[in-house]
Each structure stands twice: as structure tokens, then as C-alpha cells.
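Undergrad: I'd like to ask you about the structure that follows.
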Amino acid sequence: MIFGNGWLGNKFKDSFHVALSPADITDKKAIVDELIKYRPECVINAAGKTGKPNIDWCEDHKMETISSNVIGPLILAEICLKKNIYFGHISSGCIYDGAAPKESGFSEKDKPNPISFYSWTKVEAEKLLKPFPFLIMRIRMPFDSRPHQRNLITKLAGYKNIIDAYNSLTSVEDFLNAAKILIEKRATGVFNIVNDGIIGHKEIMDLYQKIVDPSISYTLIKPEELLEKGLVKAGRSNCKLDNSKLVAEGIKMRNAKEAIKSELMEYKKFV
């Protein structure tokens, strides 16, 4: 069963053909009523505030962000623990920024260094959930082949300014496959669920021009210019995550660039 009626929640529902609840995860009674109704063996939390149109919203709505991203997941997890229901939580790799201690990227054991209020709430939720036998799945800049305001490809195509930075990314298709395997294994702990390697935003847009729309244009800027020019309120995370723990579970993730190419080939059919 999925909690969270957003983009990823619906992706889970469509892929796994399971019940999706739009219930407020801070409402204990609503949660219990849903669990009684559906009697799931597994619950995945895909609810949370990322802000509209982006994480800058979280900077001005801190209490609402804490409620959705910290308090809600803890309430849902506590109820699942008491009812002996396997619980999984979708977290974010945006809790890291900059160069990692190792060339392979930030591992699940590295200390977070969040640079936005949104990222801070994701760190706090992880801190509270880690001591328990839960599955915590970190993703980064998710993308797939269908246009959507939460899809990285759609986001980049709509920006006038593109930052010159490289990142780990998460193909939604690969994420759902990885999540299914981890859930079937009843895995617990934190997993970085990202595609192999890193890719730059410029590379993505160059591929977009080549595959989808040759007429699209953008201005390339440095990451620090976002704040310096007042284009954003909160810093944006740029980082590489190590997915070797996931690979050790026998889960194969495509190379980030190849995954982007593949999704763009489909994406062009819908724009």
C-alpha cells in the first residue's frame, strides 16, 4: 500500500497495482482507518512536501514542511511498527552537496550536509527512522519518459538558466525495479537508489536538443550564480552518490547517460 498521492506515489500504484491512499500522514485516525480497510503487509511512504513550484516554497513554509517531511513519516512508521507492517520510506540524496569523501560518491554512512530547509527535513526524518527496521530509499532528481512537472527532464526543459553541474540521477523505471526487489527481500536500512555514474545538466539539454527539440535554448550558469543573482532562495544540491550497497544486493542500475537517452527517445512522443 502506498501513502502519498503525488507523482511518485502514482508511479508506484501503476507499477505495482496496489492501493494508494491520499490520507494525511499526520492524521493517526485516517492512517489506521486505511490500514484496517486494506490490511497491507507492506506500506511505502511517498508523501511529503517538495514545494511548488520548487523547494524555495519550503523556505517560507517551514512548519508545513516539517509536518509533512518529518512528523508525518514518523507517525506513519510508528503505526506500521505497532501493527507489524513492513515500512518503506522514500528519502532524498539532496541531503548531500559538493565533493564526496571518496571518488565513488557519498555512501549511506557519510554525514549529510544539507544546504536547504527541504533537505534538512529529509535528514531529520532519516535520523528518526534509522534506529528501526525500516527501508529508507534515497533518490536523486528522478526522471522518466512522460512529461510531468516533477520529472527532471520537464524541469530542465522549462528553465531559461541551466547550472553547469554534474549529479547522480534516478530513473523512475529503475527505481521501481530496485524498490520491488528490496521490498520482496524485506530489506532494511538506507539505500542510495541512483543510476551508475553522473551526468551534467548541459549534457542532458544537449541530448534533449538532439532527440526531442532542436529549437530549445538555455543559458548556462555556475551553481553559485543561482543565489548570487537572486534566482533562488535556497541552495541547490549537486552531488554524486555511491550505489555500491544497492549493487551488492544484486540490483542493476543503468548508466545515467544511457538511461537519459532511452527515456528521451520515449519522451519525444509525448511533447
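Each chain of the C-alpha cells is named A, B, ... in the order shown, its residues numbered from 1; ligands are numbered from 1 in display order.
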Leaving out Ser91 of chain A and any residue of its chain fewer than 3 positions from it, which residues lie within 10 Å of it when counting only C-alpha atoms, given as a ChimeraX atom specification?
TA: /A:45-46,48,69,88,94-95,119,121-123,125-126,135-140,190-193
Undergrad: Based on DSSP run over this structure's backbone, return all residues of segment 24-87 of chain A in helix (DSSP H, G or I), as number ranges by chain.
TA: A: 28-38, 56-60, 62-82
Undergrad: For Leu74 of chain A, find every residue with an atom within 10 Å (counting only C-alpha atoms), except residues of its own chain fewer than 2 positions away, and show them as a list in words.
TA: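 Surrounding residues, per the criterion: Ile25, Thr26, Ser67, Ser68, Asn69, Val70, Ile71, Gly72, Leu76, Ala77, Glu78, Ile79, Cys80, His89, Ala125, Glu126, Leu128 and Leu129 of chain A.
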Undergrad: Neighbouring residues of Ile31 of chain A were defined as those with any atom within 12 Å, considering only C-alpha atoms; residues of the same chain fewer than 3 positions away were excluded. Please report them as a VMD selection string.
TA: chain A and resid 1 to 4 20 to 28 34 to 40 43 45 72 to 73 75 to 80 83
Undergrad: How far is it from atom CA of Asp110 of chain A to atom CA of Gly189 of chain A, in Å with one decimal?
TA: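 Interatomic distance, atom CA of Asp110 of chain A to atom CA of Gly189 of chain A: 13.8 Å.
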Undergrad: So which one's closest to Pro133 of chain A, A:Ser107, A:Phe87, A:Val18, A:Ile199? Using only C-alpha atoms, please.
TA: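 Nearest to Pro133 of chain A: A:Phe87.
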Undergrad: Please report, as an NGL selection string, each residue of segment 131-260 of chain A to which DSSP assigns strand (DSSP E or B) when run on this structure's backbone.
TA: :A and (135-139 or 142-143 or 161-163 or 166-167 or 170-171 or 189-192 or 196 or 199-200 or 219-221 or 241 or 255)
Undergrad: Could you check which of A:Ile153, A:Val232, A:Ile181, A:Ala100 is closest to Pro53 of chain A, using only C-alpha atoms?
TA: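 So, comparing all the options, the nearest one is A:Val232.
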Undergrad: Name all residues at most 9 Å from Ile260 of chain A (count only C-alpha atoms; drop same-chain ones fewer than 2 positions away) and give them as a list in words.
TA: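 Near Ile260 of chain A, the qualifying residues are Phe143, Asp144, Ser145, Ile153, Ser171, Ile204, Leu207, Asn255, Ala256, Lys257, Glu258, Ser262, Glu263, Leu264 and Met265 of chain A.
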Undergrad: Store the residues picked out above, limited to N, CA and C atoms, as an mmCIF file, in the first residue's frame.
TA:
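Result written to selection05.cif:
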data_model
loop_
_atom_site.group_PDB
_atom_site.id
_atom_site.type_symbol
_atom_site.label_atom_id
_atom_site.label_comp_id
_atom_site.auth_asym_id
_atom_site.auth_seq_id
_atom_site.Cartn_x
_atom_site.Cartn_y
_atom_site.Cartn_z
ATOM 1 N N PHE A 143 13.596 11.021 -12.986
ATOM 2 C CA PHE A 143 13.168 11.326 -14.357
ATOM 3 C C PHE A 143 12.566 10.087 -14.987
ATOM 4 N N ASP A 144 11.690 10.299 -15.963
ATOM 5 C CA ASP A 144 11.192 9.182 -16.764
ATOM 6 C C ASP A 144 10.721 9.688 -18.118
ATOM 7 N N SER A 145 9.995 8.856 -18.838
ATOM 8 C CA SER A 145 9.683 9.152 -20.239
ATOM 9 C C SER A 145 8.387 9.917 -20.457
ATOM 10 N N ILE A 153 13.518 15.940 -16.517
ATOM 11 C CA ILE A 153 13.596 16.331 -17.927
ATOM 12 C C ILE A 153 12.664 17.511 -18.208
ATOM 13 N N SER A 171 16.505 7.100 -12.476
ATOM 14 C CA SER A 171 15.462 6.742 -13.427
ATOM 15 C C SER A 171 14.307 6.144 -12.628
ATOM 16 N N ILE A 204 22.416 16.748 -20.529
ATOM 17 C CA ILE A 204 21.013 16.368 -20.667
ATOM 18 C C ILE A 204 20.318 17.269 -21.683
ATOM 19 N N LEU A 207 21.331 16.543 -25.228
ATOM 20 C CA LEU A 207 20.624 15.355 -25.704
ATOM 21 C C LEU A 207 19.167 15.695 -26.015
ATOM 22 N N ASN A 255 23.471 2.919 -16.636
ATOM 23 C CA ASN A 255 24.300 4.114 -16.649
ATOM 24 C C ASN A 255 23.385 5.329 -16.812
ATOM 25 N N ALA A 256 23.672 6.399 -16.078
ATOM 26 C CA ALA A 256 22.799 7.575 -16.077
ATOM 27 C C ALA A 256 22.591 8.153 -17.477
ATOM 28 N N LYS A 257 23.675 8.274 -18.237
ATOM 29 C CA LYS A 257 23.564 8.867 -19.572
ATOM 30 C C LYS A 257 22.738 7.990 -20.500
ATOM 31 N N GLU A 258 22.950 6.683 -20.426
ATOM 32 C CA GLU A 258 22.187 5.770 -21.271
ATOM 33 C C GLU A 258 20.714 5.780 -20.887
ATOM 34 N N SER A 262 17.579 6.855 -23.324
ATOM 35 C CA SER A 262 16.459 5.941 -23.528
ATOM 36 C C SER A 262 15.125 6.606 -23.207
ATOM 37 N N GLU A 263 15.075 7.325 -22.095
ATOM 38 C CA GLU A 263 13.826 7.977 -21.698
ATOM 39 C C GLU A 263 13.478 9.124 -22.648
ATOM 40 N N LEU A 264 14.487 9.837 -23.143
ATOM 41 C CA LEU A 264 14.233 10.932 -24.078
ATOM 42 C C LEU A 264 13.635 10.428 -25.393
ATOM 43 N N MET A 265 14.044 9.247 -25.822
ATOM 44 C CA MET A 265 13.501 8.669 -27.049
ATOM 45 C C MET A 265 11.993 8.451 -26.922
#
Undergrad: Could you check which of A:Cys42, A:Met253, A:Ala30, A:Val194 is closest to Phe16 of chain A, using only C-alpha atoms?
TA: A:Cys42
Undergrad: When you draw a straight line from atom CA of His201 of chain A to atom CA of Arg254 of chain A, how long is it in Å?
TA: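 That distance, rounded to one decimal, is 17.8 Å.
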Undergrad: So that I can check the surroundings of Ile221 of chain A, please list as a list in words every protein, DNA and RNA residue that reaches within 12 Å of it, counting only C-alpha atoms and ignoring chain neighbours fewer than 5 positions away.
TA: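 That gives Tyr159, Lys160, Asn161, Ile162, Ile163, Asp164, Ala165, His201, Lys202, Leu226, Leu227, Glu228, Lys229 and Leu231 of chain A.
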Undergrad: Those same residues, written as a PDB file, in the first residue's frame with C-alpha atoms?
TA:
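That gives us again.pdb:
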ATOM      1  CA  TYR A 159      14.329  26.564 -17.307  1.00  0.00           C
ATOM      2  CA  LYS A 160      15.926  29.557 -19.012  1.00  0.00           C
ATOM      3  CA  ASN A 161      19.064  29.118 -16.908  1.00  0.00           C
ATOM      4  CA  ILE A 162      20.788  25.742 -16.554  1.00  0.00           C
ATOM      5  CA  ILE A 163      23.512  25.234 -13.968  1.00  0.00           C
ATOM      6  CA  ASP A 164      26.800  23.750 -15.077  1.00  0.00           C
ATOM      7  CA  ALA A 165      26.901  20.855 -12.595  1.00  0.00           C
ATOM      8  CA  HIS A 201      22.640  19.259 -16.858  1.00  0.00           C
ATOM      9  CA  LYS A 202      24.249  20.607 -20.026  1.00  0.00           C
ATOM     10  CA  LEU A 226      21.641  30.914  -8.576  1.00  0.00           C
ATOM     11  CA  LEU A 227      21.902  32.520  -5.140  1.00  0.00           C
ATOM     12  CA  GLU A 228      24.162  35.401  -6.164  1.00  0.00           C
ATOM     13  CA  LYS A 229      21.688  36.585  -8.801  1.00  0.00           C
ATOM     14  CA  LEU A 231      17.258  33.348  -8.880  1.00  0.00           C
TER      15      LEU A 231
END
Undergrad: Could you state the separation of atom CA of Val247 of chain A and atom CA of Glu173 of chain A in Å, given to one decimal place?
TA: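 Result for atom CA of Val247 of chain A versus atom CA of Glu173 of chain A: 16.1 Å, one decimal.
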Undergrad: Which of these, A:Asp60, A:Glu41, A:Asp33, A:Glu249, has the shortest distance to Ala178 of chain A once you count only C-alpha atoms?
TA: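 When distances to Ala178 of chain A are compared using only C-alpha atoms, the smallest one comes from A:Glu249.
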Undergrad: Out of A:Thr154, A:Ser215, A:Asn177, A:Ser168, which residue has the shortest atom-to-atom distance to Ile198 of chain A when counting only C-alpha atoms?
TA: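 Counting only C-alpha atoms, the residue closest to Ile198 of chain A is A:Ser168.
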